[in-house]
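Q: The following file, input_26.cif, comprises mmCIF, C-alpha atoms, pLDDT in the B column; chains and numbers go by the auth columns:
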```
data_run
loop_
_atom_site.group_PDB
_atom_site.id
_atom_site.type_symbol
_atom_site.label_atom_id
_atom_site.label_comp_id
_atom_site.label_asym_id
_atom_site.label_seq_id
_atom_site.Cartn_x
_atom_site.Cartn_y
_atom_site.Cartn_z
_atom_site.B_iso_or_equiv
_atom_site.auth_seq_id
_atom_site.auth_asym_id
ATOM 1 C CA MET A 1 -9.273 24.857 0.847 49.00 14 W
ATOM 2 C CA THR A 2 -13.008 24.328 1.035 53.00 15 W
ATOM 3 C CA SER A 3 -14.379 22.822 4.229 56.00 16 W
ATOM 4 C CA HIS A 4 -16.699 19.872 3.694 67.00 17 W
ATOM 5 C CA GLY A 5 -17.682 19.583 7.347 74.00 18 W
ATOM 6 C CA SER A 6 -15.738 16.381 7.864 89.00 19 W
ATOM 7 C CA ARG A 7 -12.669 16.022 10.036 91.00 20 W
ATOM 8 C CA ILE A 8 -9.250 15.754 8.378 91.00 21 W
ATOM 9 C CA VAL A 9 -7.581 12.693 9.895 90.00 22 W
ATOM 10 C CA ILE A 10 -4.416 12.764 7.778 88.00 23 W
ATOM 11 C CA PRO A 11 -3.290 16.289 6.824 90.00 24 W
ATOM 12 C CA VAL A 12 -0.770 17.185 4.101 89.00 25 W
ATOM 13 C CA ASP A 13 1.401 20.308 4.171 89.00 26 W
ATOM 14 C CA VAL A 14 1.626 21.359 0.522 82.00 27 W
ATOM 15 C CA LYS A 15 4.913 23.175 1.211 85.00 28 W
ATOM 16 C CA LYS A 16 6.685 19.952 2.232 86.00 29 W
ATOM 17 C CA LYS A 17 7.882 16.895 0.333 84.00 30 W
ATOM 18 C CA PRO A 18 6.167 13.566 1.153 82.00 31 W
ATOM 19 C CA TRP A 19 9.057 12.391 3.349 83.00 32 W
ATOM 20 C CA GLU A 20 8.949 15.690 5.302 88.00 33 W
ATOM 21 C CA GLN A 21 5.281 15.351 6.306 88.00 34 W
ATOM 22 C CA LYS A 22 4.314 15.118 9.971 88.00 35 W
ATOM 23 C CA LEU A 23 2.700 11.772 9.103 83.00 36 W
ATOM 24 C CA PRO A 24 4.932 10.325 6.334 77.00 37 W
ATOM 25 C CA PRO A 25 2.771 8.582 3.718 78.00 38 W
ATOM 26 C CA HIS A 26 3.221 5.030 2.528 76.00 39 W
ATOM 27 C CA ASN A 27 1.749 3.262 -0.488 73.00 40 W
ATOM 28 C CA ARG A 28 0.332 0.077 1.025 77.00 41 W
ATOM 29 C CA TRP A 29 -0.904 -1.432 4.261 79.00 42 W
ATOM 30 C CA LEU A 30 1.794 -3.143 6.283 84.00 43 W
ATOM 31 C CA PRO A 31 1.195 -4.578 9.763 88.00 44 W
ATOM 32 C CA ALA A 32 4.595 -3.229 10.890 89.00 45 W
ATOM 33 C CA ILE A 33 3.437 0.376 10.344 84.00 46 W
ATOM 34 C CA PRO A 34 1.290 1.590 13.248 84.00 47 W
ATOM 35 C CA PRO A 35 -2.008 3.388 12.560 84.00 48 W
ATOM 36 C CA VAL A 36 -1.869 7.192 12.502 84.00 49 W
ATOM 37 C CA ALA A 37 -5.575 7.871 13.052 87.00 50 W
ATOM 38 C CA GLU A 38 -8.777 6.275 14.230 90.00 51 W
ATOM 39 C CA VAL A 39 -12.327 6.887 13.049 93.00 52 W
ATOM 40 C CA LYS A 40 -15.665 5.679 14.323 94.00 53 W
ATOM 41 C CA THR A 41 -17.939 3.430 12.291 95.00 54 W
ATOM 42 C CA GLY A 42 -20.105 5.688 10.113 93.00 55 W
ATOM 43 C CA GLU A 43 -17.959 8.784 10.734 93.00 56 W
ATOM 44 C CA LEU A 44 -17.291 11.016 7.729 94.00 57 W
ATOM 45 C CA PHE A 45 -13.638 11.965 7.452 93.00 58 W
ATOM 46 C CA ARG A 46 -11.106 13.241 4.946 91.00 59 W
ATOM 47 C CA VAL A 47 -7.596 12.107 4.107 88.00 60 W
ATOM 48 C CA GLU A 48 -5.328 14.537 2.267 86.00 61 W
ATOM 49 C CA ARG A 49 -2.702 12.867 0.122 82.00 62 W
ATOM 50 C CA VAL A 50 0.158 13.471 -2.244 78.00 63 W
ATOM 51 C CA ASP A 51 -0.280 12.472 -5.876 72.00 64 W
ATOM 52 C CA CYS A 52 0.598 9.031 -7.240 66.00 65 W
ATOM 53 C CA SER A 53 4.136 10.134 -8.124 64.00 66 W
ATOM 54 C CA GLY A 54 4.952 10.737 -4.462 59.00 67 W
ATOM 55 C CA GLY A 55 4.858 14.490 -4.866 56.00 68 W
ATOM 56 C CA GLY A 56 6.810 14.601 -8.116 60.00 69 W
ATOM 57 C CA SER A 57 4.043 16.459 -9.933 57.00 70 W
ATOM 58 C CA GLY A 58 2.614 18.394 -6.983 53.00 71 W
ATOM 59 C CA ILE A 59 0.022 17.790 -4.302 51.00 72 W
ATOM 60 C CA THR A 60 -3.431 16.497 -5.245 53.00 73 W
ATOM 61 C CA LYS A 61 -6.339 17.969 -3.301 56.00 74 W
ATOM 62 C CA GLU A 62 -10.048 18.122 -4.016 54.00 75 W
#
```
As structure tokens, how would this structure be written, given the file I've shared?
A:
Amino acid sequence: MTSHGSRIVIPVDVKKKPWEQKLPPHNRWLPAIPPVAEVKTGELFRVERVDCSGGGSGITKE
């Protein structure tokens, strides 16, 4: 993967299913789900994610 100089705050292991990730993804904000990362105002960061099918068609990365 190409480094863009920004910190990855939510990593994805492409060898694991979405529900097996260290930080299991969810598809919307819910106040009952605690935050998994913090960033500073103006900080550049990256979030890796599974595709819109929840991993059914592979992992999407730029």
Q: For the atom pair CA of Arg62 in chain W and CA of Pro38 in chain W, what is the interatomic distance in Å to one decimal place?
A: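 A separation of 7.8 Å between them.
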Q: If we count only C-alpha atoms and set the cut-off at 9 Å, which residues sit around Lys35 in chain W, ignoring sequence neighbours fewer than 5 positions away in its own chain? Please answer as a ChimeraX atom specification.
A: /W:24-26
Q: Write out the residues from the selection above, keeping C-alpha atoms, as a PDB file, in the coordinates of the input.
A:
```
ATOM      1  CA  PRO W  24      -3.290  16.289   6.824  1.00 90.00           C
ATOM      2  CA  VAL W  25      -0.770  17.185   4.101  1.00 89.00           C
ATOM      3  CA  ASP W  26       1.401  20.308   4.171  1.00 89.00           C
TER       4      ASP W  26
END
```
Q: So how far away is CA of Ser19 in chain W from CA of Arg59 in chain W, in Å?
A: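 CA of Arg59 in chain W sits 6.3 Å away from CA of Ser19 in chain W.
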Q: Name every residue that the PyMOL selection byres ((chain W and resi 23) around 6) selects in this structure, writing the answer as a list in words with chains first and numbers rising.
A: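 Checked against the file, the PyMOL selection byres ((chain W and resi 23) around 6) matches Ile21, Val22, Pro24, Val60 and Glu61 of chain W.
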Q: In Å, with one decimal, what is the gap from CA of Asp64 in chain W to CA of Pro31 in chain W?
A: 9.6 Å
Q: My list of candidates is W:Gln34, W:Arg41, W:Arg20, W:Lys29. Which is closest to Lys53 in chain W when distances are computed with only C-alpha atoms?
A: W:Arg20
Q: Please identify all polymer residues within 8 Å of range 49-52 of chain W, counting all atoms listed in the file, omitting same-chain residues fewer than 2 positions from it, and present them as a PDB file with C-alpha atoms, keeping the file's coordinate frame.
A:
```pdb
ATOM      1  CA  VAL W  22      -7.581  12.693   9.895  1.00 90.00           C
ATOM      2  CA  ILE W  23      -4.416  12.764   7.778  1.00 88.00           C
ATOM      3  CA  LEU W  36       2.700  11.772   9.103  1.00 83.00           C
ATOM      4  CA  PRO W  47       1.290   1.590  13.248  1.00 84.00           C
ATOM      5  CA  THR W  54     -17.939   3.430  12.291  1.00 95.00           C
ATOM      6  CA  GLU W  56     -17.959   8.784  10.734  1.00 93.00           C
ATOM      7  CA  PHE W  58     -13.638  11.965   7.452  1.00 93.00           C
TER       8      PHE W  58
END
```
Q: Could you write range 28-54 of chain W as a PDB file, keeping the file's coordinate frame, with N, CA and C atoms rebuilt where they are missing?
A:
```pdb
ATOM      1  N   LYS W  28       3.589  22.565   1.332  1.00 85.00           N
ATOM      2  CA  LYS W  28       4.913  23.175   1.211  1.00 85.00           C
ATOM      3  C   LYS W  28       6.040  22.185   1.509  1.00 85.00           C
ATOM      4  N   LYS W  29       5.679  20.952   1.887  1.00 86.00           N
ATOM      5  CA  LYS W  29       6.685  19.952   2.232  1.00 86.00           C
ATOM      6  C   LYS W  29       6.639  18.763   1.282  1.00 86.00           C
ATOM      7  N   LYS W  30       7.788  18.129   1.116  1.00 84.00           N
ATOM      8  CA  LYS W  30       7.882  16.895   0.333  1.00 84.00           C
ATOM      9  C   LYS W  30       7.215  15.764   1.111  1.00 84.00           C
ATOM     10  N   PRO W  31       6.826  14.665   0.445  1.00 82.00           N
ATOM     11  CA  PRO W  31       6.167  13.566   1.153  1.00 82.00           C
ATOM     12  C   PRO W  31       6.952  13.064   2.368  1.00 82.00           C
ATOM     13  N   TRP W  32       8.248  12.921   2.249  1.00 83.00           N
ATOM     14  CA  TRP W  32       9.057  12.391   3.349  1.00 83.00           C
ATOM     15  C   TRP W  32       9.264  13.405   4.477  1.00 83.00           C
ATOM     16  N   GLU W  33       8.840  14.663   4.265  1.00 88.00           N
ATOM     17  CA  GLU W  33       8.949  15.690   5.302  1.00 88.00           C
ATOM     18  C   GLU W  33       7.635  15.889   6.064  1.00 88.00           C
ATOM     19  N   GLN W  34       6.593  15.186   5.676  1.00 88.00           N
ATOM     20  CA  GLN W  34       5.281  15.351   6.306  1.00 88.00           C
ATOM     21  C   GLN W  34       5.309  14.911   7.766  1.00 88.00           C
ATOM     22  N   LYS W  35       4.438  15.515   8.565  1.00 88.00           N
ATOM     23  CA  LYS W  35       4.314  15.118   9.971  1.00 88.00           C
ATOM     24  C   LYS W  35       3.962  13.631  10.063  1.00 88.00           C
ATOM     25  N   LEU W  36       3.065  13.183   9.201  1.00 83.00           N
ATOM     26  CA  LEU W  36       2.700  11.772   9.103  1.00 83.00           C
ATOM     27  C   LEU W  36       3.176  11.275   7.741  1.00 83.00           C
ATOM     28  N   PRO W  37       4.407  10.749   7.634  1.00 77.00           N
ATOM     29  CA  PRO W  37       4.932  10.325   6.334  1.00 77.00           C
ATOM     30  C   PRO W  37       4.022   9.287   5.666  1.00 77.00           C
ATOM     31  N   PRO W  38       3.663   9.513   4.411  1.00 78.00           N
ATOM     32  CA  PRO W  38       2.771   8.582   3.718  1.00 78.00           C
ATOM     33  C   PRO W  38       3.484   7.292   3.315  1.00 78.00           C
ATOM     34  N   HIS W  39       2.705   6.273   3.096  1.00 76.00           N
ATOM     35  CA  HIS W  39       3.221   5.030   2.528  1.00 76.00           C
ATOM     36  C   HIS W  39       2.194   4.531   1.526  1.00 76.00           C
ATOM     37  N   ASN W  40       2.603   3.625   0.646  1.00 73.00           N
ATOM     38  CA  ASN W  40       1.749   3.262  -0.488  1.00 73.00           C
ATOM     39  C   ASN W  40       1.017   1.935  -0.341  1.00 73.00           C
ATOM     40  N   ARG W  41       1.073   1.325   0.820  1.00 77.00           N
ATOM     41  CA  ARG W  41       0.332   0.077   1.025  1.00 77.00           C
ATOM     42  C   ARG W  41       0.192  -0.175   2.514  1.00 77.00           C
ATOM     43  N   TRP W  42      -0.727  -1.057   2.868  1.00 79.00           N
ATOM     44  CA  TRP W  42      -0.904  -1.432   4.261  1.00 79.00           C
ATOM     45  C   TRP W  42       0.153  -2.443   4.638  1.00 79.00           C
ATOM     46  N   LEU W  43       0.815  -2.204   5.736  1.00 84.00           N
ATOM     47  CA  LEU W  43       1.794  -3.143   6.283  1.00 84.00           C
ATOM     48  C   LEU W  43       1.539  -3.248   7.787  1.00 84.00           C
ATOM     49  N   PRO W  44       1.462  -4.451   8.337  1.00 88.00           N
ATOM     50  CA  PRO W  44       1.195  -4.578   9.763  1.00 88.00           C
ATOM     51  C   PRO W  44       2.294  -3.977  10.640  1.00 88.00           C
ATOM     52  N   ALA W  45       3.493  -3.803  10.113  1.00 89.00           N
ATOM     53  CA  ALA W  45       4.595  -3.229  10.890  1.00 89.00           C
ATOM     54  C   ALA W  45       4.467  -1.713  11.059  1.00 89.00           C
ATOM     55  N   ILE W  46       3.623  -1.073  10.251  1.00 84.00           N
ATOM     56  CA  ILE W  46       3.437   0.376  10.344  1.00 84.00           C
ATOM     57  C   ILE W  46       2.223   0.639  11.228  1.00 84.00           C
ATOM     58  N   PRO W  47       2.417   1.347  12.349  1.00 84.00           N
ATOM     59  CA  PRO W  47       1.290   1.590  13.248  1.00 84.00           C
ATOM     60  C   PRO W  47       0.274   2.558  12.645  1.00 84.00           C
ATOM     61  N   PRO W  48      -0.990   2.463  13.056  1.00 84.00           N
ATOM     62  CA  PRO W  48      -2.008   3.388  12.560  1.00 84.00           C
ATOM     63  C   PRO W  48      -1.696   4.819  12.993  1.00 84.00           C
ATOM     64  N   VAL W  49      -2.099   5.783  12.177  1.00 84.00           N
ATOM     65  CA  VAL W  49      -1.869   7.192  12.502  1.00 84.00           C
ATOM     66  C   VAL W  49      -3.153   7.911  12.886  1.00 84.00           C
ATOM     67  N   ALA W  50      -4.293   7.248  12.714  1.00 87.00           N
ATOM     68  CA  ALA W  50      -5.575   7.871  13.052  1.00 87.00           C
ATOM     69  C   ALA W  50      -6.608   6.789  13.294  1.00 87.00           C
ATOM     70  N   GLU W  51      -7.646   7.169  14.014  1.00 90.00           N
ATOM     71  CA  GLU W  51      -8.777   6.275  14.230  1.00 90.00           C
ATOM     72  C   GLU W  51     -10.054   7.024  13.892  1.00 90.00           C
ATOM     73  N   VAL W  52     -11.011   6.314  13.338  1.00 93.00           N
ATOM     74  CA  VAL W  52     -12.327   6.887  13.049  1.00 93.00           C
ATOM     75  C   VAL W  52     -13.392   5.931  13.570  1.00 93.00           C
ATOM     76  N   LYS W  53     -14.554   6.496  13.844  1.00 94.00           N
ATOM     77  CA  LYS W  53     -15.665   5.679  14.323  1.00 94.00           C
ATOM     78  C   LYS W  53     -16.447   5.129  13.138  1.00 94.00           C
ATOM     79  N   THR W  54     -17.084   4.004  13.323  1.00 95.00           N
ATOM     80  CA  THR W  54     -17.939   3.430  12.291  1.00 95.00           C
ATOM     81  C   THR W  54     -18.992   4.456  11.901  1.00 95.00           C
TER      82      THR W  54
END
```
